[in-house]
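Engineer: For reference, this is model.cif, and it has mmCIF, C-alpha atoms.
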```cif
data_structure
#
loop_
_atom_site.group_PDB
_atom_site.id
_atom_site.type_symbol
_atom_site.label_atom_id
_atom_site.label_comp_id
_atom_site.auth_asym_id
_atom_site.auth_seq_id
_atom_site.Cartn_x
_atom_site.Cartn_y
_atom_site.Cartn_z
ATOM 1 C CA MET A 21 0.431 -3.384 -16.082
ATOM 2 C CA LYS A 22 1.988 -6.532 -14.621
ATOM 3 C CA GLU A 23 3.625 -8.791 -17.212
ATOM 4 C CA HIS A 24 2.270 -12.342 -17.282
ATOM 5 C CA VAL A 25 5.028 -14.895 -16.932
ATOM 6 C CA GLN A 26 4.228 -18.344 -18.292
ATOM 7 C CA ARG A 27 5.194 -21.015 -15.798
ATOM 8 C CA ARG A 28 7.303 -24.008 -16.652
ATOM 9 C CA MET A 29 6.520 -27.503 -15.381
ATOM 10 C CA ARG A 30 7.812 -27.978 -11.855
ATOM 11 C CA SER A 31 9.114 -31.185 -10.374
ATOM 12 C CA ASP A 32 9.198 -32.076 -6.718
ATOM 13 C CA TYR A 33 12.844 -32.599 -5.929
ATOM 14 C CA ARG A 34 14.598 -33.200 -2.651
ATOM 15 C CA GLY A 35 18.145 -31.983 -2.640
ATOM 16 C CA GLU A 36 20.274 -29.111 -1.425
ATOM 17 C CA ALA A 37 21.408 -25.803 -2.844
ATOM 18 C CA ILE A 38 24.090 -23.506 -1.504
ATOM 19 C CA VAL A 39 22.946 -19.880 -1.761
ATOM 20 C CA GLU A 40 25.141 -16.785 -1.704
ATOM 21 C CA CYS A 41 23.857 -13.234 -2.201
ATOM 22 C CA GLU A 42 25.622 -11.001 -4.693
ATOM 23 C CA LYS A 43 26.805 -8.821 -1.815
ATOM 24 C CA GLY A 44 28.805 -11.775 -0.488
ATOM 25 C CA ASN A 45 26.357 -12.830 2.223
ATOM 26 C CA ASN A 46 26.530 -16.592 2.458
ATOM 27 C CA ILE A 47 22.938 -17.667 3.190
ATOM 28 C CA GLY A 48 23.963 -21.299 3.524
ATOM 29 C CA THR A 49 22.737 -24.679 2.376
ATOM 30 C CA LEU A 50 18.974 -24.857 1.879
ATOM 31 C CA ASN A 51 16.584 -27.695 1.067
ATOM 32 C CA ILE A 52 14.993 -27.753 -2.375
ATOM 33 C CA ARG A 53 11.207 -28.205 -2.477
ATOM 34 C CA ASN A 54 10.699 -28.021 -6.243
ATOM 35 C CA ILE A 55 12.554 -27.078 -9.383
ATOM 36 C CA SER A 56 11.793 -26.155 -12.998
ATOM 37 C CA LEU A 57 13.849 -25.073 -15.997
ATOM 38 C CA ASN A 58 13.504 -21.433 -15.020
ATOM 39 C CA GLY A 59 13.480 -21.462 -11.234
ATOM 40 C CA ILE A 60 13.592 -23.133 -7.861
ATOM 41 C CA TYR A 61 11.791 -22.966 -4.524
ATOM 42 C CA LEU A 62 13.986 -23.342 -1.447
ATOM 43 C CA GLU A 63 12.774 -23.954 2.090
ATOM 44 C CA SER A 64 14.120 -21.306 4.458
ATOM 45 C CA ASN A 65 13.206 -19.055 7.345
ATOM 46 C CA ASN A 66 15.905 -16.561 6.310
ATOM 47 C CA ASP A 67 14.480 -13.147 5.414
ATOM 48 C CA PHE A 68 17.032 -12.631 2.574
ATOM 49 C CA LYS A 69 17.231 -8.964 3.586
ATOM 50 C CA ASN A 70 18.861 -6.829 0.888
ATOM 51 C CA CYS A 71 19.329 -9.879 -1.304
ATOM 52 C CA ILE A 72 17.959 -9.713 -4.840
ATOM 53 C CA HIS A 73 20.588 -11.367 -7.015
ATOM 54 C CA CYS A 74 22.238 -14.563 -5.861
ATOM 55 C CA LYS A 75 24.429 -17.467 -6.874
ATOM 56 C CA LEU A 76 23.198 -21.020 -6.358
ATOM 57 C CA THR A 77 25.127 -24.230 -6.384
ATOM 58 C CA ILE A 78 22.900 -27.277 -6.666
ATOM 59 C CA ARG A 79 24.616 -30.532 -5.764
ATOM 60 C CA LEU A 80 23.515 -33.729 -7.444
ATOM 61 C CA GLY A 81 23.766 -37.224 -6.018
ATOM 62 C CA ASP A 82 26.736 -37.591 -3.710
ATOM 63 C CA GLY A 83 27.812 -33.998 -4.444
ATOM 64 C CA SER A 84 30.267 -34.946 -7.174
ATOM 65 C CA ILE A 85 28.258 -32.908 -9.717
ATOM 66 C CA GLU A 86 27.646 -29.244 -8.960
ATOM 67 C CA MET A 87 25.384 -26.965 -10.980
ATOM 68 C CA PRO A 88 26.308 -23.274 -10.571
ATOM 69 C CA ILE A 89 23.416 -20.951 -11.469
ATOM 70 C CA ASP A 90 22.858 -17.195 -11.189
ATOM 71 C CA GLY A 91 19.416 -16.193 -10.009
ATOM 72 C CA GLU A 92 17.076 -13.467 -8.842
ATOM 73 C CA ILE A 93 14.819 -13.698 -5.810
ATOM 74 C CA ILE A 94 11.247 -13.136 -6.980
ATOM 75 C CA ARG A 95 9.202 -14.153 -3.939
ATOM 76 C CA LYS A 96 9.649 -14.734 -0.222
ATOM 77 C CA ASP A 97 7.103 -16.272 2.120
ATOM 78 C CA VAL A 98 7.044 -17.903 5.548
ATOM 79 C CA GLU A 99 8.124 -21.273 4.148
ATOM 80 C CA GLY A 100 10.908 -20.197 1.824
ATOM 81 C CA VAL A 101 12.050 -18.321 -1.238
ATOM 82 C CA ALA A 102 11.428 -18.568 -5.002
ATOM 83 C CA ILE A 103 14.376 -17.839 -7.267
ATOM 84 C CA ARG A 104 14.210 -17.291 -11.033
ATOM 85 C CA PHE A 105 17.284 -18.455 -12.921
ATOM 86 C CA SER A 106 19.063 -15.721 -14.883
ATOM 87 C CA SER A 107 22.102 -17.518 -16.311
ATOM 88 C CA MET A 108 23.866 -20.866 -16.345
ATOM 89 C CA SER A 109 26.292 -22.792 -18.507
ATOM 90 C CA PRO A 110 25.080 -25.184 -21.219
ATOM 91 C CA THR A 111 26.384 -28.113 -19.137
ATOM 92 C CA THR A 112 24.426 -26.960 -16.094
ATOM 93 C CA PHE A 113 21.303 -26.538 -18.236
ATOM 94 C CA ASP A 114 21.681 -30.095 -19.528
ATOM 95 C CA HIS A 115 21.935 -31.448 -15.954
ATOM 96 C CA LEU A 116 18.966 -29.288 -14.897
ATOM 97 C CA ARG A 117 16.833 -30.571 -17.765
ATOM 98 C CA LYS A 118 17.547 -34.160 -16.715
ATOM 99 C CA VAL A 119 16.774 -33.456 -13.042
ATOM 100 C CA VAL A 120 13.420 -31.899 -13.923
ATOM 101 C CA MET A 121 12.532 -34.646 -16.417
ATOM 102 C CA TYR A 122 13.487 -37.590 -14.165
ATOM 103 C CA ASN A 123 11.521 -36.120 -11.244
ATOM 104 C CA SER A 124 8.508 -35.022 -13.290
ATOM 105 C CA SER A 125 5.085 -36.553 -12.734
ATOM 106 C CA SER A 126 4.680 -36.457 -16.541
ATOM 107 C CA PRO A 127 7.980 -36.782 -18.443
ATOM 108 C CA GLU A 128 6.107 -36.875 -21.773
ATOM 109 C CA ASP A 129 4.520 -33.466 -21.108
ATOM 110 C CA PHE A 130 7.874 -32.133 -19.973
ATOM 111 C CA LEU A 131 9.557 -33.238 -23.210
ATOM 112 C CA LYS A 132 6.730 -31.656 -25.207
ATOM 113 C CA GLU A 133 7.243 -28.401 -23.305
ATOM 114 C CA CYS A 134 10.986 -28.535 -24.060
ATOM 115 C CA LYS A 135 10.249 -28.771 -27.799
ATOM 116 C CA GLU A 136 7.833 -25.848 -27.648
ATOM 117 C CA ARG A 137 10.002 -23.717 -25.360
ATOM 118 C CA PRO A 138 13.702 -24.586 -25.667
ATOM 119 C CA GLY A 139 16.033 -22.924 -23.204
ATOM 120 C CA PHE A 140 15.379 -21.901 -19.640
ATOM 121 C CA LYS A 141 13.523 -18.613 -20.107
#
```
In structure tokens, write the structure found in this file.
Structural biologist:
Amino acid sequence: MKEHVQRRMRSDYRGEAIVECEKGNNIGTLNIRNISLNGIYLESNNDFKNCIHCKLTIRLGDGSIEMPIDGEIIRKDVEGVAIRFSSMSPTTFDHLRKVVMYNSSSPEDFLKECKERPGFK
């Protein structure tokens, strides 16, 4: 039986993420469509062949802040790829939380969700 995964609030966010597969394949810099505390959707026509686990680097602002995150590809479609976050540093999580909150259509609901479900999983 398929396990039901509860979704986190997503925020539309325009930025870039550098993606590298665990096998050392550098996918490149991809555009971010949306982001949540537990994952990201990146626009790409790359097939991500043989790529399950990856490393992301999300650049904020002028690129002076980088958020390194480990992830797992969970879905591919014709428009891009969905990646679930598997690990990140506390500093990266703090930056991520701010990015999602500041770009949320409902910051109040986002903060409520954070109280009910702390952490990124």
Engineer: List as a list in words the protein and nucleic acid residues near segment 98-114 of chain A, meaning an atom at most 7 Å away when all atoms listed in the file are counted, but skip any in the same chain fewer than 4 places from it.
Structural biologist: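 Near neighbours after the sequence-gap exclusion: Asn58, Gly59, Ile60, Tyr61, Leu62, Glu63, Ser64, Asn65, Met87, Pro88, Ile89, Asp90, Gly91, Glu92, Ile93, Ile94 and Lys118 of chain A.
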Engineer: Just how far from atom CA of Glu128 of chain A is atom CA of Gly81 of chain A, in Å to one decimal?
Structural biologist: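 We find that atom CA of Gly81 of chain A and atom CA of Glu128 of chain A lie 23.7 Å from each other.
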Engineer: On this file, the PyMOL selection byres ((chain A and resi 42) around 6) gives some set of residues; write that set as an MDAnalysis selection string.
Structural biologist: chainID A and resid 41 43:44 73:74
Engineer: Find the axis-aligned box for segment 34-39 of chain A, covering all its listed atoms and adding 6 Å on each side, and write its centre and edge lengths in Å to one decimal as lines of an AutoDock Vina configuration file.
Structural biologist:
```
center_x = 19.3
center_y = -26.5
center_z = -2.1
size_x = 21.5
size_y = 25.3
size_z = 13.4
```
Engineer: For atom CA of Ile38 of chain A and atom CA of Val120 of chain A, determine how far apart the two atoms are, in Å to one decimal place.
Structural biologist: 18.4 Å
Engineer: To one decimal in Å, tell me the separation between atom CA of Ala37 of chain A and atom CA of Leu57 of chain A.
Structural biologist: 15.2 Å
Engineer: Return the single residue from A:Glu36, A:His115, A:Asn51, A:Leu131 that is closest to Thr77 of chain A, with distances computed using only C-alpha atoms.
Structural biologist: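 Of the candidates, the smallest distance to Thr77 of chain A is held by A:Glu36.
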Engineer: Nearest to Phe68 of chain A: which of A:Arg95, A:Lys135, A:Arg117, A:Arg53 is it, counting only C-alpha atoms?
Structural biologist: A:Arg95
Engineer: Can you translate the PyMOL selection byres ((chain A and resi 130) around 12) into the concrete residues it hits in this file, as an mmCIF file with C-alpha atoms, in the frame of the given file?
Structural biologist:
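Contents of expr.cif, freshly written:
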```cif
data_model
loop_
_atom_site.group_PDB
_atom_site.id
_atom_site.type_symbol
_atom_site.label_atom_id
_atom_site.label_comp_id
_atom_site.auth_asym_id
_atom_site.auth_seq_id
_atom_site.Cartn_x
_atom_site.Cartn_y
_atom_site.Cartn_z
ATOM 1 C CA ARG A 28 7.303 -24.008 -16.652
ATOM 2 C CA MET A 29 6.520 -27.503 -15.381
ATOM 3 C CA ARG A 30 7.812 -27.978 -11.855
ATOM 4 C CA SER A 31 9.114 -31.185 -10.374
ATOM 5 C CA SER A 56 11.793 -26.155 -12.998
ATOM 6 C CA LEU A 57 13.849 -25.073 -15.997
ATOM 7 C CA ARG A 117 16.833 -30.571 -17.765
ATOM 8 C CA LYS A 118 17.547 -34.160 -16.715
ATOM 9 C CA VAL A 119 16.774 -33.456 -13.042
ATOM 10 C CA VAL A 120 13.420 -31.899 -13.923
ATOM 11 C CA MET A 121 12.532 -34.646 -16.417
ATOM 12 C CA TYR A 122 13.487 -37.590 -14.165
ATOM 13 C CA ASN A 123 11.521 -36.120 -11.244
ATOM 14 C CA SER A 124 8.508 -35.022 -13.290
ATOM 15 C CA SER A 125 5.085 -36.553 -12.734
ATOM 16 C CA SER A 126 4.680 -36.457 -16.541
ATOM 17 C CA PRO A 127 7.980 -36.782 -18.443
ATOM 18 C CA GLU A 128 6.107 -36.875 -21.773
ATOM 19 C CA ASP A 129 4.520 -33.466 -21.108
ATOM 20 C CA LEU A 131 9.557 -33.238 -23.210
ATOM 21 C CA LYS A 132 6.730 -31.656 -25.207
ATOM 22 C CA GLU A 133 7.243 -28.401 -23.305
ATOM 23 C CA CYS A 134 10.986 -28.535 -24.060
ATOM 24 C CA LYS A 135 10.249 -28.771 -27.799
ATOM 25 C CA GLU A 136 7.833 -25.848 -27.648
ATOM 26 C CA ARG A 137 10.002 -23.717 -25.360
ATOM 27 C CA PRO A 138 13.702 -24.586 -25.667
#
```
Engineer: Nearest to Ile52 of chain A: which of A:Cys71, A:Leu116, A:Arg79, A:Tyr33 is it, counting all atoms listed in the file?
Structural biologist: A:Tyr33
